[in-house]
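A.B. asks: Quick one: this structure, given as structure tokens, is what I'll be asking you about.
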Amino acid sequence: MERTLVILKPGCLQRGLIGEVISRFEKRGLKLVAMKMVQLDEEILKVHYAHLLDRPFFPWLRDGMMAAPVILCCWEGYSAVQVVRDMAGATKASKAVPGTIRGDYSLHTPHNVIHASDSDESAKREINLFFKEDEIIDWHDENAKWF
Ligand code: UDP
Ligand code: MG
């Protein structure tokens with residue numbers, strides 16, 4: 001069973017999309033094993049987006065991610081990393097197809113609503129970065145057999 005990290009970006013909170021986005025993952029059958037609202041700072045964003053530090057849009061990305069609180073979620077399920085990536089849709093808002101979260105709720109790439117881990121390795125690193133071990137709860141999902 002895989003786990004993946006989703007960040008509901010500041011625009012998601014500001015636009016009142018949190019319920020809708022979380023609902024999609026729940027309905028898909030993914031199991032929520034951790035969730036919290038935090039105000040991100042520059043220090044953690046430099047680690048999380050280390051691969052993008054040299055990109056010209058990094059300052060904009062960093063400031064955008066600090067513009068309001070975010071909701072951090074850890075979802076568990078079969079092939080959770082790929083499933084959630086596919087549900088998120090393409091990075092570039094104009095390429096994100098309708099039916100995906102980005103394709104339904106974003107028009108401009110910097111405002112692409114959510115972050116989703118891009119590999120099992122990234123997921124493990126990101127979950128460790130944002131959650132302490134005791135914040136992840138391995139509860140028994142009574143409905144799991146139906147998914
Ligand atoms: N981003 C941007 N312009 C770009 C590429 C990325 O504003 O040309 C932002 C966008 O919000 C994206 C984030 O930087 O979600 C992280 O980029 P990454 O390439 O990791 O895309 P993701 O994994 O989020 O799809
Ligand atoms: Mg990425």
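In the structure tokens, each chain is lettered A, B, ... as it comes, each chain's residues begin at 1, and ligands are numbered from 1 in order of appearance.
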Distance limit 9 Å, reference ligand 2, atoms considered: only C-alpha atoms and all ligand atoms. Which residues make the cut? Give them as a list in words.
C.D. replies: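 Final answer, ordered by chain and number: Tyr49, His51, Leu52, Thr91, His115, Ala116, Ser117, Asp118 and Ser122 of chain A.
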A.B. asks: Using the selection just defined, write its residues with C-alpha atoms as an mmCIF file, in the first residue's frame.
C.D. replies:
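And here's part-v4.cif as it stands now:
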data_model
loop_
_atom_site.group_PDB
_atom_site.id
_atom_site.type_symbol
_atom_site.label_atom_id
_atom_site.label_comp_id
_atom_site.auth_asym_id
_atom_site.auth_seq_id
_atom_site.Cartn_x
_atom_site.Cartn_y
_atom_site.Cartn_z
ATOM 1 C CA TYR A 49 10.983 22.660 -3.802
ATOM 2 C CA HIS A 51 14.661 20.957 -7.419
ATOM 3 C CA LEU A 52 13.127 24.305 -8.446
ATOM 4 C CA THR A 91 1.273 20.894 -14.038
ATOM 5 C CA HIS A 115 0.678 19.744 -4.963
ATOM 6 C CA ALA A 116 0.920 15.955 -5.317
ATOM 7 C CA SER A 117 4.058 13.835 -4.839
ATOM 8 C CA ASP A 118 5.519 12.759 -8.193
ATOM 9 C CA SER A 122 9.379 11.895 -3.348
#
A.B. asks: Could you list, as a list of chain:residue names, every residue within 9 Å of A:His48, counting only C-alpha atoms and ignoring same-chain residues fewer than 5 positions away?
C.D. replies: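 Here the qualifying residues turn out to be A:Glu43, A:Arg125, A:Glu126, A:Leu129.
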A.B. asks: Excluding stretch 68-77 of chain A and its own-chain neighbours fewer than 3 positions away, which residues fall within 9 Å of it when counting only C-alpha atoms? Please give them as a ChimeraX atom specification.
C.D. replies: /A:1-14,18,22,25,29-40,64-65,80-81,83-84,127,130-131,136
A.B. asks: Find the residues around A:Asp104 up to 12 Å (only C-alpha atoms counted), leave out those fewer than 6 positions away in its own chain, and share them as a PyMOL selection string.
C.D. replies: chain A and resi 17+20-21+24+87-90+93-98+112-114
A.B. asks: If you keep all heavy atoms, can you produce a file of those selected residues as a tab-separated table (two decimals), in the first residue's frame?
C.D. replies:
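Final output, saved to selection.tsv:
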chain	number	residue	atom	x	y	z
A	17	LEU	N	-12.26	25.76	-1.76
A	17	LEU	CA	-12.28	24.51	-2.52
A	17	LEU	C	-11.85	23.29	-1.72
A	17	LEU	O	-11.77	22.19	-2.27
A	17	LEU	CB	-11.36	24.65	-3.75
A	17	LEU	CG	-11.79	25.64	-4.83
A	17	LEU	CD1	-10.73	25.73	-5.92
A	17	LEU	CD2	-13.13	25.21	-5.44
A	20	GLU	N	-14.31	20.29	-1.61
A	20	GLU	CA	-14.47	19.63	-2.92
A	20	GLU	C	-13.27	18.78	-3.28
A	20	GLU	O	-13.41	17.68	-3.81
A	20	GLU	CB	-14.69	20.67	-4.02
A	20	GLU	CG	-16.07	21.30	-3.94
A	20	GLU	CD	-16.35	22.27	-5.07
A	20	GLU	OE1	-16.05	21.95	-6.23
A	20	GLU	OE2	-16.88	23.36	-4.77
A	21	VAL	N	-12.08	19.31	-3.01
A	21	VAL	CA	-10.87	18.57	-3.38
A	21	VAL	C	-10.71	17.33	-2.51
A	21	VAL	O	-10.45	16.23	-3.01
A	21	VAL	CB	-9.63	19.49	-3.31
A	21	VAL	CG1	-8.35	18.70	-3.48
A	21	VAL	CG2	-9.73	20.59	-4.38
A	24	ARG	N	-13.04	14.48	-3.46
A	24	ARG	CA	-12.65	13.67	-4.64
A	24	ARG	C	-11.77	12.50	-4.23
A	24	ARG	O	-11.93	11.39	-4.73
A	24	ARG	CB	-11.89	14.54	-5.64
A	24	ARG	CG	-12.77	15.53	-6.35
A	24	ARG	CD	-11.97	16.22	-7.42
A	24	ARG	NE	-12.83	17.12	-8.16
A	24	ARG	CZ	-12.74	17.34	-9.48
A	24	ARG	NH1	-11.81	16.74	-10.18
A	24	ARG	NH2	-13.54	18.17	-10.07
A	87	MET	N	-5.22	12.28	-10.82
A	87	MET	CA	-6.38	13.08	-10.41
A	87	MET	C	-6.04	14.57	-10.37
A	87	MET	O	-6.90	15.41	-10.64
A	87	MET	CB	-6.88	12.63	-9.03
A	87	MET	CG	-7.53	11.25	-9.05
A	87	MET	SD	-7.99	10.72	-7.39
A	87	MET	CE	-9.44	11.74	-7.10
A	88	ALA	N	-4.78	14.90	-10.04
A	88	ALA	CA	-4.36	16.31	-9.99
A	88	ALA	C	-4.35	16.90	-11.40
A	88	ALA	O	-4.80	18.02	-11.61
A	88	ALA	CB	-2.97	16.43	-9.37
A	89	GLY	N	-3.84	16.14	-12.36
A	89	GLY	CA	-3.75	16.65	-13.74
A	89	GLY	C	-2.41	17.30	-14.02
A	89	GLY	O	-1.55	17.39	-13.14
A	90	ALA	N	-2.24	17.75	-15.25
A	90	ALA	CA	-0.95	18.30	-15.69
A	90	ALA	C	-0.56	19.54	-14.89
A	90	ALA	O	-1.42	20.31	-14.46
A	90	ALA	CB	-1.04	18.64	-17.17
A	93	ALA	N	-1.52	24.54	-16.27
A	93	ALA	CA	-2.98	24.63	-16.15
A	93	ALA	C	-3.67	24.49	-17.51
A	93	ALA	O	-4.70	23.82	-17.62
A	93	ALA	CB	-3.36	25.95	-15.48
A	94	SER	N	-3.08	25.08	-18.55
A	94	SER	CA	-3.73	25.04	-19.86
A	94	SER	C	-3.73	23.64	-20.47
A	94	SER	O	-4.48	23.36	-21.40
A	94	SER	CB	-3.06	26.02	-20.82
A	94	SER	OG	-1.70	25.68	-20.98
A	95	LYS	N	-2.88	22.75	-19.94
A	95	LYS	CA	-2.82	21.37	-20.46
A	95	LYS	C	-3.60	20.39	-19.57
A	95	LYS	O	-3.74	19.21	-19.91
A	95	LYS	CB	-1.36	20.88	-20.51
A	95	LYS	CG	-0.47	21.68	-21.43
A	95	LYS	CD	-0.56	21.11	-22.85
A	95	LYS	CE	0.39	21.85	-23.78
A	95	LYS	NZ	-0.24	22.21	-25.05
A	96	ALA	N	-4.06	20.86	-18.43
A	96	ALA	CA	-4.77	19.98	-17.49
A	96	ALA	C	-6.17	19.71	-18.04
A	96	ALA	O	-6.94	20.65	-18.27
A	96	ALA	CB	-4.83	20.62	-16.11
A	97	VAL	N	-6.48	18.44	-18.24
A	97	VAL	CA	-7.76	18.12	-18.89
A	97	VAL	C	-8.94	18.20	-17.91
A	97	VAL	O	-8.78	17.93	-16.72
A	97	VAL	CB	-7.73	16.73	-19.59
A	97	VAL	CG1	-6.70	16.70	-20.70
A	97	VAL	CG2	-7.47	15.62	-18.59
A	98	PRO	N	-10.11	18.59	-18.41
A	98	PRO	CA	-11.30	18.61	-17.56
A	98	PRO	C	-11.51	17.24	-16.92
A	98	PRO	O	-11.25	16.22	-17.54
A	98	PRO	CB	-12.43	18.95	-18.54
A	98	PRO	CG	-11.76	19.69	-19.65
A	98	PRO	CD	-10.39	19.06	-19.79
A	112	ASN	N	-2.32	26.37	-9.53
A	112	ASN	CA	-2.83	25.06	-9.94
A	112	ASN	C	-3.36	24.20	-8.77
A	112	ASN	O	-3.36	22.98	-8.84
A	112	ASN	CB	-1.83	24.33	-10.83
A	112	ASN	CG	-0.53	24.03	-10.12
A	112	ASN	OD1	-0.40	24.33	-8.93
A	112	ASN	ND2	0.42	23.45	-10.81
A	113	VAL	N	-3.81	24.85	-7.74
A	113	VAL	CA	-4.68	24.30	-6.68
A	113	VAL	C	-4.03	23.32	-5.70
A	113	VAL	O	-4.18	23.47	-4.50
A	113	VAL	CB	-5.98	23.66	-7.27
A	113	VAL	CG1	-6.96	23.27	-6.16
A	113	VAL	CG2	-6.64	24.59	-8.26
A	114	ILE	N	-3.33	22.30	-6.22
A	114	ILE	CA	-2.73	21.34	-5.30
A	114	ILE	C	-1.32	20.94	-5.71
A	114	ILE	O	-0.94	21.06	-6.87
A	114	ILE	CB	-3.56	20.03	-5.15
A	114	ILE	CG1	-3.60	19.23	-6.46
A	114	ILE	CG2	-4.96	20.32	-4.65
A	114	ILE	CD1	-4.09	17.79	-6.25
A.B. asks: Enumerate as a PyMOL selection string all residues of stretch 37-85 of chain A assigned to strand (DSSP E) by DSSP on the backbone, naming them with the chain letters and numbers the document uses.
C.D. replies: chain A and resi 37-38+70-77
A.B. asks: Write out the residues from the selection above, keeping N, CA, C and O atoms, as a PDB file, in the first residue's frame.
C.D. replies:
ATOM      1  N   MET A  37      -3.565  21.909   9.019  1.00  0.00           N
ATOM      2  CA  MET A  37      -3.425  23.224   8.374  1.00  0.00           C
ATOM      3  C   MET A  37      -2.193  23.899   8.952  1.00  0.00           C
ATOM      4  O   MET A  37      -2.033  23.959  10.179  1.00  0.00           O
ATOM      5  N   VAL A  38      -1.325  24.370   8.068  1.00  0.00           N
ATOM      6  CA  VAL A  38      -0.114  25.055   8.529  1.00  0.00           C
ATOM      7  C   VAL A  38       0.174  26.276   7.667  1.00  0.00           C
ATOM      8  O   VAL A  38      -0.242  26.348   6.511  1.00  0.00           O
ATOM      9  N   VAL A  70      -1.856  26.447   4.208  1.00  0.00           N
ATOM     10  CA  VAL A  70      -2.117  25.310   3.309  1.00  0.00           C
ATOM     11  C   VAL A  70      -2.679  24.167   4.156  1.00  0.00           C
ATOM     12  O   VAL A  70      -2.540  24.158   5.379  1.00  0.00           O
ATOM     13  N   ILE A  71      -3.305  23.210   3.479  1.00  0.00           N
ATOM     14  CA  ILE A  71      -3.745  21.979   4.152  1.00  0.00           C
ATOM     15  C   ILE A  71      -2.845  20.858   3.642  1.00  0.00           C
ATOM     16  O   ILE A  71      -2.762  20.624   2.430  1.00  0.00           O
ATOM     17  N   LEU A  72      -2.188  20.205   4.575  1.00  0.00           N
ATOM     18  CA  LEU A  72      -1.321  19.077   4.230  1.00  0.00           C
ATOM     19  C   LEU A  72      -2.097  17.793   4.476  1.00  0.00           C
ATOM     20  O   LEU A  72      -2.695  17.630   5.550  1.00  0.00           O
ATOM     21  N   CYS A  73      -2.092  16.894   3.496  1.00  0.00           N
ATOM     22  CA  CYS A  73      -2.789  15.620   3.674  1.00  0.00           C
ATOM     23  C   CYS A  73      -1.895  14.482   3.216  1.00  0.00           C
ATOM     24  O   CYS A  73      -1.171  14.603   2.230  1.00  0.00           O
ATOM     25  N   CYS A  74      -2.017  13.374   3.906  1.00  0.00           N
ATOM     26  CA  CYS A  74      -1.351  12.159   3.473  1.00  0.00           C
ATOM     27  C   CYS A  74      -2.440  11.136   3.155  1.00  0.00           C
ATOM     28  O   CYS A  74      -3.288  10.849   4.000  1.00  0.00           O
ATOM     29  N   TRP A  75      -2.447  10.646   1.921  1.00  0.00           N
ATOM     30  CA  TRP A  75      -3.458   9.679   1.455  1.00  0.00           C
ATOM     31  C   TRP A  75      -2.798   8.337   1.207  1.00  0.00           C
ATOM     32  O   TRP A  75      -1.686   8.282   0.687  1.00  0.00           O
ATOM     33  N   GLU A  76      -3.532   7.278   1.541  1.00  0.00           N
ATOM     34  CA  GLU A  76      -3.004   5.923   1.393  1.00  0.00           C
ATOM     35  C   GLU A  76      -3.919   5.108   0.480  1.00  0.00           C
ATOM     36  O   GLU A  76      -5.145   5.264   0.544  1.00  0.00           O
ATOM     37  N   GLY A  77      -3.318   4.256  -0.326  1.00  0.00           N
ATOM     38  CA  GLY A  77      -4.121   3.385  -1.188  1.00  0.00           C
ATOM     39  C   GLY A  77      -3.248   2.671  -2.196  1.00  0.00           C
ATOM     40  O   GLY A  77      -2.060   2.967  -2.316  1.00  0.00           O
TER      41      GLY A  77
END
A.B. asks: Could you please determine the separation between atom 8 (O, counted along the ligand's line) of ligand 1 and atom CA of A:Pro59 in Å, to one decimal place?
C.D. replies: 12.2 Å
A.B. asks: As a PyMOL selection string, please: all residues of chain A that backbone DSSP puts in alpha helix (DSSP H).
C.D. replies: chain A and resi 10-14+18-28+42-48+58-65+80-88+101-105+120-130
A.B. asks: When you draw a straight line from atom CA of A:Asp41 to atom CA of A:Met66, how long is it in Å?
C.D. replies: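 For atom CA of A:Asp41 relative to atom CA of A:Met66, the distance reads 6.3 Å.
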A.B. asks: Atom CA of A:Pro56 and atom CA of A:Asp86 are how many Å apart?
C.D. replies: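 Spanning atom CA of A:Pro56 to atom CA of A:Asp86 is a straight-line distance of 26.2 Å.
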